[in-house]
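Contents: one structure, followed by commentary.
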Amino acid sequence: MLMDPMGGIVRTNDGNAILREITVKHPAAKSMIDIARTQDEETGDGTTLVIVLAGEIMSKAHVFLEQRIHPTIIIQAYLQALEDMVKLAETNKAREKAKKPTTNAVPHHKRGNKNNLQKVASKEDEEGGENADPKGAAPPPDAKTPAPSTALPLGRIKIEVIITTLFRQKVKWKATASIKMATAVETMIEKIDEVKSRLGRTLGTPMRLRDLIRQVRAARTMAEERAVVDRESANIRESFRDDESPWKCRNIAKLLYIHMLGYPAHFGQMECMKLVAQPRFTDKRIGYLGAMLLLDERSEVHLLVTNSLKNDLNSQTQFVTGLALCTLGSICSSEMCRDLANEIERLVKSSNAYIKKKAALCAFRIVRKVPELMEVFISCTRSLLGEKNHGVLMGATTLVTEMCERSPDVLNHFKKLVPSLVRILKNLLMSGYSPEHDVTGISDPFLQVKLLRLLRVLGKDDPKATEEMNDILAQVATNTETAKNVGNAILYETVLTIMEIRSESGLRVLAVNILGRFLLNPDKNIRYVALNTLLKTVAVDYQAVQRHRTTVVDCLKDPDISIRKRAMELCFALINKTNITHMTKEILIFLDTADPEFKSECASKMYVATERFSPSQEWHLDTMIKVLELAGNHVPDEVVSCMIQLVSSHPSIQHYAAVRLFRSIQAQDVTNAQPLLQVAFWSIGEFGDLLLQPSDDDSSRIEEGEVVSVFELVIPSTLTSLVTKCYGVTALAKLATRFSSTLPRVQALIGANQAHIHLELQQRSIEFNRVVDAGDLKFGLLERMPIIQQNSLNAAAAPIDESMMEVTTNSNDGGNLITTNADLLGGLSLDSNSMPGVQAAPSLNAGNDLFDLIGGGGIPSSSGPATIANGLDDLLGGALGGLSVSNPLSTANISPNPSTNADPFDFLGGGTTQKSAPPSNPGVMALNSNGIEAKLVVEKDFIGGQPAELLLSVVNNNSAKVENFVFQAAVTKAYQVELQAASGSDLGLNGAQPQITQRMRIKKVADGQTLRMRTRATFTLNGSSITIQGEVNSLPGLS
Amino acid sequence: MMQFMLLFSRQGKLRLQKWYFSYLDKQKKKICRELITQILSRKPKMCAFLEYKDLKVVYKRYASLYFCCAVEEGDNELLALEIIHRYVELLDKYFGSVCELDIIFNFEKAYFILDEFLLAGEIQETSKKQVLKAIAAQDLLQEEETPQGFFEDHGLG
């Protein structure tokens, strides 16, 4: 009876159960318990026995240990004994088998319980081993003479144990005769194999591949595996020294296995080269395999293989040529391509189809790698398409497709081929069943797809070619069996072709309908493909796709997340004025259950869609409130700001909005919907007076007390975000001028955060508290905000989360500016940090604000690290679009950054970009990486013999400080550079002060050479030291 | 054009890798690691495609082994599934109801078969019979020249 620490009682006589309950720490004791457990799992019996045996065996070692025999020797003896014992067990078994042929289930059992048996055996045999050891490594007596009389008593007992175990199992296991035979034979072969291998190893041959694999698989831990691999790697390395070794290919094969396990194998590269040069096919086969796996065009060694390839390409044996072609297709560096293109061209013309097909694909690979070499193959390609062999046809089609995609001239040259391609395709469709190329009833789908793709390339923007292929496309589209994936693969390719070549409209409708059918297909892969393709075609065939709207909407409920994602995108693409109410309903259902990562994207897209197509402002508002409720905290900030603008700019809905939003936050738990709270607070604050007026549809009047209690509930809660609290406090301040009876409660709430840890909130709390007390002043200060100009769709579409985030984090410095006119801006400016879009709101100085944000952000607008600049430009672009401010100053200021403005300026349309002219002396980037920007501006050109003077200004755009900044420069020999002391070595974060300026002088020593400069800077960022380098090849303003 | 093909087990162990486009070793390891974790974490009801950088990754599970290949933007992903399937059929025919162990212990054979089926990332032979014929002929060639020692075969062992 045992009692565990929890007080539970176990009553058992099972050894394993007892051991299981006992807590042991010592590793040896643990492994003893493990023995019992294994025994229990394997046979379910004899657990106590194995422990007793193991204990006995271990105790025998004690004597030898006292005699100061090294443990490794004792272990060796144990192992030796184990081996002998296994042999003994085999002979015993054989004897038994002979005795009782009717019940000889032993071999099978032996196999099934190999581990166990060996374990048991090992216990016993170790015993014999001990005896063997002191006697001078003689075979154990019981192994040689199993007769009981000569065996030691204990060993004898152990043997009996095995035998009894075997017998016991024999009853349990009933195996059929055939399995017995098979396993017996297998065991025998294994045995012979083992002996052979062992003998071989003693004769000095390296380990066999399969033995290595076995050993690696037998390793239980990574460390063990590493040990095995390291040992064998060392052996292989050693044997590579011997150039005459006949085992080279075996060693490489093992090395390839080691390579696959992820261990270093690069030292085998040279050996592969040697191997491929051997005459033996086995060597070549493994050698080239190794070359393909270990070499790539970046390693220098691969150039050596070119010679072997050249030889083997001319080989008489087609398989050797095949190997060489295959390797060429795999490595294919440009040097190799140039060297071997002519050989390949010759092989393409060979009469052997096996070589021809491989050569054609090699040609394809060469053309892809080095397009200039295309000419070599043009002449020989045409004849390939006349071949009957499908392999050759495949190769030829691939090659032609590649060439046509690369060069318009070649494309025109091959246009003539359309009829013959159509004929090949038609033959494939018409030909009866050909077992060789058939895939579930469809004749060579691989070739069909290839041909369709080539037709697509040839027919693009060519009415004549399109005309020629219309028939066959229709035929493929209607006749292909769609029960299996293969058929759908062909149909999919056909649809792509029809869409791309702008076939006649009937065909296009047919294609879209095929996609519509795909959407209903039970196979998820096909649905995915269909949605993807529809997304691509929606721009071209809007009406045709629109017809499948309901199916697309159904896909929103698909179990597969990637299909839902695609379906959502497509849904938004399909929304228009007529279907918006219906679609919105569906999308809202989807939004309710959607995964978090969809919610944010879906919310922004909903805003864009509703803004564009809403039947009325009220509907727009209602829908967006629903979105805010459903998407909760996943709603991106820009949606909040857009909502506020929406309410602000439409006086007709302000009352409705305030009431509706109030009801919404009153009705439910809003801690998970901070954005909703923010919008609601803003609206309640601004339109508090309207809120109290009775409305037509809402019978119950809203009382001041009700409103304030919502604030009292939400603002002190720790679950409310800081930004929301800021909104709330501002709203309360505004309410202080609009409410009368609840003023003390409002004021108490405003003042509640005067000691808040968050500075911003604390400041608001204190300031507003004073303002509310300020008598008449407060009515002017806290009056309703001027109408925020409607921010258009672009602004909402522009801020893709990431760029937005970057702006948010980087505009902290801009916060200074905002706080100064916080009172003027009212609620909006409060958290301008997270609402850059709104910040541009006051229409008077919108342009300046934006400008200031950039300036305040400390990022010189002429240059910024791509990401941050992008974010800013996005913002600017978006806001500009929305506010329709055409401030030439601000555009000019961004424009000198050509690397980043291409993308963000898309919003503005091409026009704006062109308007902006670069300033006269923009300077040049000497360094631009890791958020560090160093700009060089020429201040003085070389005049006479005077040195030129340059000014370097360094800005740090990281969100952490940079210290120990050291700049170095080197110039071409004809010049000398002299750096003067820098203004400092520290850089403020986000482009703020301090910045570094440094002057340098460049002296011209000799004429004729242009000035080139290498630059380098080292600095410490976040505690780690970083070195960046750059190069200046021309300095504008320097002669 | 197929960019690479990977075979890996359910435990995430790589069983075969074939690169048709030159990547640095470091990149290869990174791609393997990322794709293997990504694919293993996908649920069975998800579709067999995923986007990885600018490639389309197509994978399919056969018993304990995942076959995964990356094709380019313009390639047909449904057909890529067929390519995988055809390769599995070839392995199956060659080994006779193939299992993971066959591929582990005869990985070089698996490579040889792949090389007869695909070349430079494109299909070179659409007939199963032809592929297996070529492999059998080469195996024979190999066998004929390998002397069988009494104690030790001289092949790969």
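Chains: A, B, ... in order of the structure tokens. Residues: from 1 per chain. Ligands: from 1, in order shown.
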
Using only C-alpha atoms, find each residue in chain A having at least one atom no more than 6 Å away from chain B; report its shortest atom-to-atom pair and that distance in Å (one decimal), rows by chain then rising number, as a tab-separated table.
residue	atom	partner	partner_atom	distance
A:Lys196	CA	B:Phe151	CA	5.1
A:Gly200	CA	B:Glu152	CA	5.5
A:Arg208	CA	B:Gly157	CA	4.8
A:Leu209	CA	B:Gly157	CA	5.6
A:Arg250	CA	B:Leu156	CA	4.5
A:Thr282	CA	B:Gln142	CA	5.3
A:Gly329	CA	B:Ala120	CA	4.7
A:Ser330	CA	B:Tyr20	CA	5.5
A:Gly391	CA	B:Glu125	CA	4.5
A:Glu436	CA	B:Ser127	CA	5.4
A:His437	CA	B:Ser127	CA	5.2
A:Ala489	CA	B:Leu78	CA	5.0
A:Lys524	CA	B:Cys47	CA	5.4
A:Asn525	CA	B:Cys47	CA	5.0
A:Asp560	CA	B:Met46	CA	4.7

Next, write the just-selected residues to a file, as a PDB file, in the first residue's frame, keeping N, CA, C and O atoms as the atom set.
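Result written to out.pdb:
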ATOM      1  N   LYS A 196      27.870  -9.653 -42.850  1.00  0.00           N
ATOM      2  CA  LYS A 196      28.626  -9.229 -44.019  1.00  0.00           C
ATOM      3  C   LYS A 196      29.202  -7.843 -43.788  1.00  0.00           C
ATOM      4  O   LYS A 196      30.375  -7.582 -44.017  1.00  0.00           O
ATOM      5  N   GLY A 200      32.941  -6.730 -43.571  1.00  0.00           N
ATOM      6  CA  GLY A 200      33.446  -5.717 -44.498  1.00  0.00           C
ATOM      7  C   GLY A 200      34.158  -4.614 -43.755  1.00  0.00           C
ATOM      8  O   GLY A 200      35.249  -4.184 -44.128  1.00  0.00           O
ATOM      9  N   ARG A 208      28.325   1.604 -44.647  1.00  0.00           N
ATOM     10  CA  ARG A 208      27.401   1.665 -45.770  1.00  0.00           C
ATOM     11  C   ARG A 208      26.383   2.776 -45.558  1.00  0.00           C
ATOM     12  O   ARG A 208      26.095   3.150 -44.413  1.00  0.00           O
ATOM     13  N   LEU A 209      25.836   3.248 -46.668  1.00  0.00           N
ATOM     14  CA  LEU A 209      24.861   4.329 -46.597  1.00  0.00           C
ATOM     15  C   LEU A 209      23.709   3.958 -45.672  1.00  0.00           C
ATOM     16  O   LEU A 209      23.318   4.701 -44.786  1.00  0.00           O
ATOM     17  N   ARG A 250      30.175   5.947 -52.553  1.00  0.00           N
ATOM     18  CA  ARG A 250      29.442   5.652 -51.336  1.00  0.00           C
ATOM     19  C   ARG A 250      29.604   6.795 -50.341  1.00  0.00           C
ATOM     20  O   ARG A 250      28.642   7.214 -49.705  1.00  0.00           O
ATOM     21  N   THR A 282      27.934   4.551 -62.211  1.00  0.00           N
ATOM     22  CA  THR A 282      27.502   4.776 -60.822  1.00  0.00           C
ATOM     23  C   THR A 282      28.150   6.036 -60.275  1.00  0.00           C
ATOM     24  O   THR A 282      27.498   6.865 -59.639  1.00  0.00           O
ATOM     25  N   GLY A 329      20.786  21.815 -66.325  1.00  0.00           N
ATOM     26  CA  GLY A 329      19.503  22.462 -66.065  1.00  0.00           C
ATOM     27  C   GLY A 329      19.352  22.881 -64.619  1.00  0.00           C
ATOM     28  O   GLY A 329      18.604  23.799 -64.308  1.00  0.00           O
ATOM     29  N   SER A 330      20.086  22.191 -63.764  1.00  0.00           N
ATOM     30  CA  SER A 330      19.935  22.498 -62.340  1.00  0.00           C
ATOM     31  C   SER A 330      20.866  23.616 -61.884  1.00  0.00           C
ATOM     32  O   SER A 330      20.450  24.497 -61.133  1.00  0.00           O
ATOM     33  N   GLY A 391       7.125  14.184 -74.573  1.00  0.00           N
ATOM     34  CA  GLY A 391       8.204  14.810 -73.816  1.00  0.00           C
ATOM     35  C   GLY A 391       8.837  15.929 -74.610  1.00  0.00           C
ATOM     36  O   GLY A 391       9.045  17.039 -74.110  1.00  0.00           O
ATOM     37  N   GLU A 436      -0.713   5.701 -72.021  1.00  0.00           N
ATOM     38  CA  GLU A 436       0.570   6.214 -71.581  1.00  0.00           C
ATOM     39  C   GLU A 436       0.459   7.620 -70.996  1.00  0.00           C
ATOM     40  O   GLU A 436       1.123   7.961 -70.033  1.00  0.00           O
ATOM     41  N   HIS A 437      -0.394   8.444 -71.605  1.00  0.00           N
ATOM     42  CA  HIS A 437      -0.436   9.844 -71.188  1.00  0.00           C
ATOM     43  C   HIS A 437      -1.731  10.199 -70.489  1.00  0.00           C
ATOM     44  O   HIS A 437      -2.018  11.368 -70.266  1.00  0.00           O
ATOM     45  N   ALA A 489      -7.832  21.829 -63.606  1.00  0.00           N
ATOM     46  CA  ALA A 489      -6.564  22.514 -63.889  1.00  0.00           C
ATOM     47  C   ALA A 489      -6.553  23.012 -65.325  1.00  0.00           C
ATOM     48  O   ALA A 489      -6.143  24.139 -65.609  1.00  0.00           O
ATOM     49  N   LYS A 524     -11.749  22.618 -52.000  1.00  0.00           N
ATOM     50  CA  LYS A 524     -11.398  23.967 -51.540  1.00  0.00           C
ATOM     51  C   LYS A 524     -10.327  24.617 -52.410  1.00  0.00           C
ATOM     52  O   LYS A 524     -10.337  25.832 -52.617  1.00  0.00           O
ATOM     53  N   ASN A 525      -9.434  23.791 -52.935  1.00  0.00           N
ATOM     54  CA  ASN A 525      -8.379  24.361 -53.774  1.00  0.00           C
ATOM     55  C   ASN A 525      -8.966  25.059 -54.980  1.00  0.00           C
ATOM     56  O   ASN A 525      -8.498  26.104 -55.408  1.00  0.00           O
ATOM     57  N   ASP A 560     -12.266  27.539 -44.772  1.00  0.00           N
ATOM     58  CA  ASP A 560     -10.851  27.830 -45.006  1.00  0.00           C
ATOM     59  C   ASP A 560     -10.596  29.334 -44.922  1.00  0.00           C
ATOM     60  O   ASP A 560     -11.211  30.131 -45.619  1.00  0.00           O
TER      61      ASP A 560
END

Tell me which protein, DNA and RNA residues are within 9 Å of Gly1037 in chain A, counting only C-alpha atoms, leaving out same-chain ones fewer than 3 positions away, and put them as a PyMOL selection string. chain A and resi 921+923+937-941

C-alpha atoms of the current selection, written as a short mmCIF file (atom, residue, chain, number, x, y, z; two decimals), in the first residue's frame:
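Saved the output as part_7.cif:
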data_model
loop_
_atom_site.label_atom_id
_atom_site.label_comp_id
_atom_site.auth_asym_id
_atom_site.auth_seq_id
_atom_site.Cartn_x
_atom_site.Cartn_y
_atom_site.Cartn_z
CA ASN A 921 21.04 72.34 -54.79
CA GLY A 923 22.77 67.78 -52.12
CA VAL A 937 25.77 69.66 -49.81
CA VAL A 938 28.40 71.47 -51.80
CA GLU A 939 28.93 74.89 -50.30
CA LYS A 940 31.85 76.02 -52.35
CA ASP A 941 33.04 74.63 -55.66
#

Nearest to Lys585 in chain A: which of A:Val301, A:Ala396, A:Val627, A:Val418 is it, counting only C-alpha atoms?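 Ranked by minimum distance to Lys585 in chain A, first place goes to A:Val627.
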
List as a PyMOL selection string the protein and nucleic acid residues near Leu19 in chain A, meaning an atom at most 12 Å away when only C-alpha atoms are counted, but skip any in the same chain fewer than 5 places from it. chain A and resi 2+10+12-14+24+29-37+40+47-48+51

Please report, as number ranges by chain, each residue of chain B to which DSSP assigns strand (DSSP E) when run on this structure's backbone. B: 2-9, 14-19, 49-52, 55-62, 65-71, 118-119, 122-123

List every residue of chain B that DSSP, applied to the backbone of this structure, places in helix (DSSP H, G or I), and write the result as a PyMOL selection string. chain B and resi 25-40+77-95+100-105+107-117+128-145

Please identify all polymer residues within 8 Å of range 514-517 of chain A, counting only C-alpha atoms, omitting same-chain residues fewer than 2 positions from it, and present them as a PyMOL selection string. chain A and resi 491-492+495+510-512+519-521+530-531+533-534+548+551

Between CA of Ser245 in chain A and CA of Glu232 in chain A, measure the distance and give it in Å to one decimal.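 Answer for the CA of Ser245 in chain A to CA of Glu232 in chain A separation: 16.2 Å.
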
For Gln11 in chain B, work out the shell of residues within 10 Å, counting only C-alpha atoms and skipping chain neighbours fewer than 4 positions away, then give it as an MDAnalysis selection string. chainID B and resid 36:37 40 64:65

Selection file, N, CA, C and O atoms, as a PDB file, in the first residue's frame:
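And here is the file that came out, out-v9.pdb:
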ATOM      1  N   ILE B  36       8.161  24.752 -43.624  1.00  0.00           N
ATOM      2  CA  ILE B  36       7.783  23.543 -42.897  1.00  0.00           C
ATOM      3  C   ILE B  36       6.896  23.905 -41.716  1.00  0.00           C
ATOM      4  O   ILE B  36       5.837  23.312 -41.513  1.00  0.00           O
ATOM      5  N   THR B  37       7.297  24.916 -40.943  1.00  0.00           N
ATOM      6  CA  THR B  37       6.453  25.266 -39.794  1.00  0.00           C
ATOM      7  C   THR B  37       5.099  25.763 -40.265  1.00  0.00           C
ATOM      8  O   THR B  37       4.068  25.429 -39.691  1.00  0.00           O
ATOM      9  N   LEU B  40       3.009  22.748 -41.610  1.00  0.00           N
ATOM     10  CA  LEU B  40       2.605  21.791 -40.585  1.00  0.00           C
ATOM     11  C   LEU B  40       1.517  22.363 -39.690  1.00  0.00           C
ATOM     12  O   LEU B  40       0.717  21.622 -39.125  1.00  0.00           O
ATOM     13  N   SER B  64       2.435  10.111 -44.098  1.00  0.00           N
ATOM     14  CA  SER B  64       3.159  10.937 -43.135  1.00  0.00           C
ATOM     15  C   SER B  64       4.068  11.949 -43.821  1.00  0.00           C
ATOM     16  O   SER B  64       4.822  12.649 -43.179  1.00  0.00           O
ATOM     17  N   LEU B  65       4.004  11.996 -45.147  1.00  0.00           N
ATOM     18  CA  LEU B  65       4.965  12.814 -45.877  1.00  0.00           C
ATOM     19  C   LEU B  65       4.267  13.991 -46.573  1.00  0.00           C
ATOM     20  O   LEU B  65       3.218  13.822 -47.187  1.00  0.00           O
TER      21      LEU B  65
END

Near-Leu692 in chain A list (9 Å; only C-alpha atoms; drop same-chain fewer than 3 positions) as a ChimeraX atom specification: /A:659,687-689,695,701-704

Create the file for the chosen residues now, containing N, CA and C atoms and written as a compact mmCIF listing (two decimals), in the first residue's frame.
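Below you can see result_23.txt, which holds the result:
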# COMPACT_ATOMS: atom_id res chain seq x y z
N VAL A 659 -27.56 60.88 -30.67
CA VAL A 659 -28.52 60.00 -29.99
C VAL A 659 -28.18 58.54 -30.24
N PHE A 687 -22.14 67.69 -29.41
CA PHE A 687 -23.57 67.94 -29.63
C PHE A 687 -24.39 67.60 -28.40
N GLY A 688 -23.83 67.84 -27.25
CA GLY A 688 -24.52 67.54 -26.00
C GLY A 688 -25.87 68.22 -25.91
N ASP A 689 -25.93 69.45 -26.44
CA ASP A 689 -27.20 70.18 -26.37
C ASP A 689 -28.24 69.54 -27.27
N SER A 695 -36.35 63.82 -29.85
CA SER A 695 -36.33 63.49 -31.28
C SER A 695 -37.65 62.85 -31.67
N ARG A 701 -36.94 60.45 -23.83
CA ARG A 701 -35.98 61.55 -23.84
C ARG A 701 -34.74 61.17 -23.08
N ILE A 702 -33.62 61.72 -23.52
CA ILE A 702 -32.38 61.41 -22.81
C ILE A 702 -32.17 62.48 -21.74
N GLU A 703 -31.91 62.03 -20.54
CA GLU A 703 -31.70 62.97 -19.44
C GLU A 703 -30.21 63.21 -19.26
N GLU A 704 -29.88 64.38 -18.70
CA GLU A 704 -28.47 64.69 -18.43
C GLU A 704 -27.84 63.62 -17.55

Pick from A:Glu375, A:Asn427, A:Gln448, A:Glu402: nearest to Lys388 in chain A, with only C-alpha atoms counted?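 Between A:Glu375, A:Asn427, A:Gln448, A:Glu402, the residue approaching Lys388 in chain A most closely is A:Asn427.
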
Which of A:Glu933, A:Gln278, A:Ser562, A:Leu1038 sits closest to Ala948 in chain A [using only C-alpha atoms]: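 Answer, going by the shortest atom-to-atom distance: A:Leu1038.
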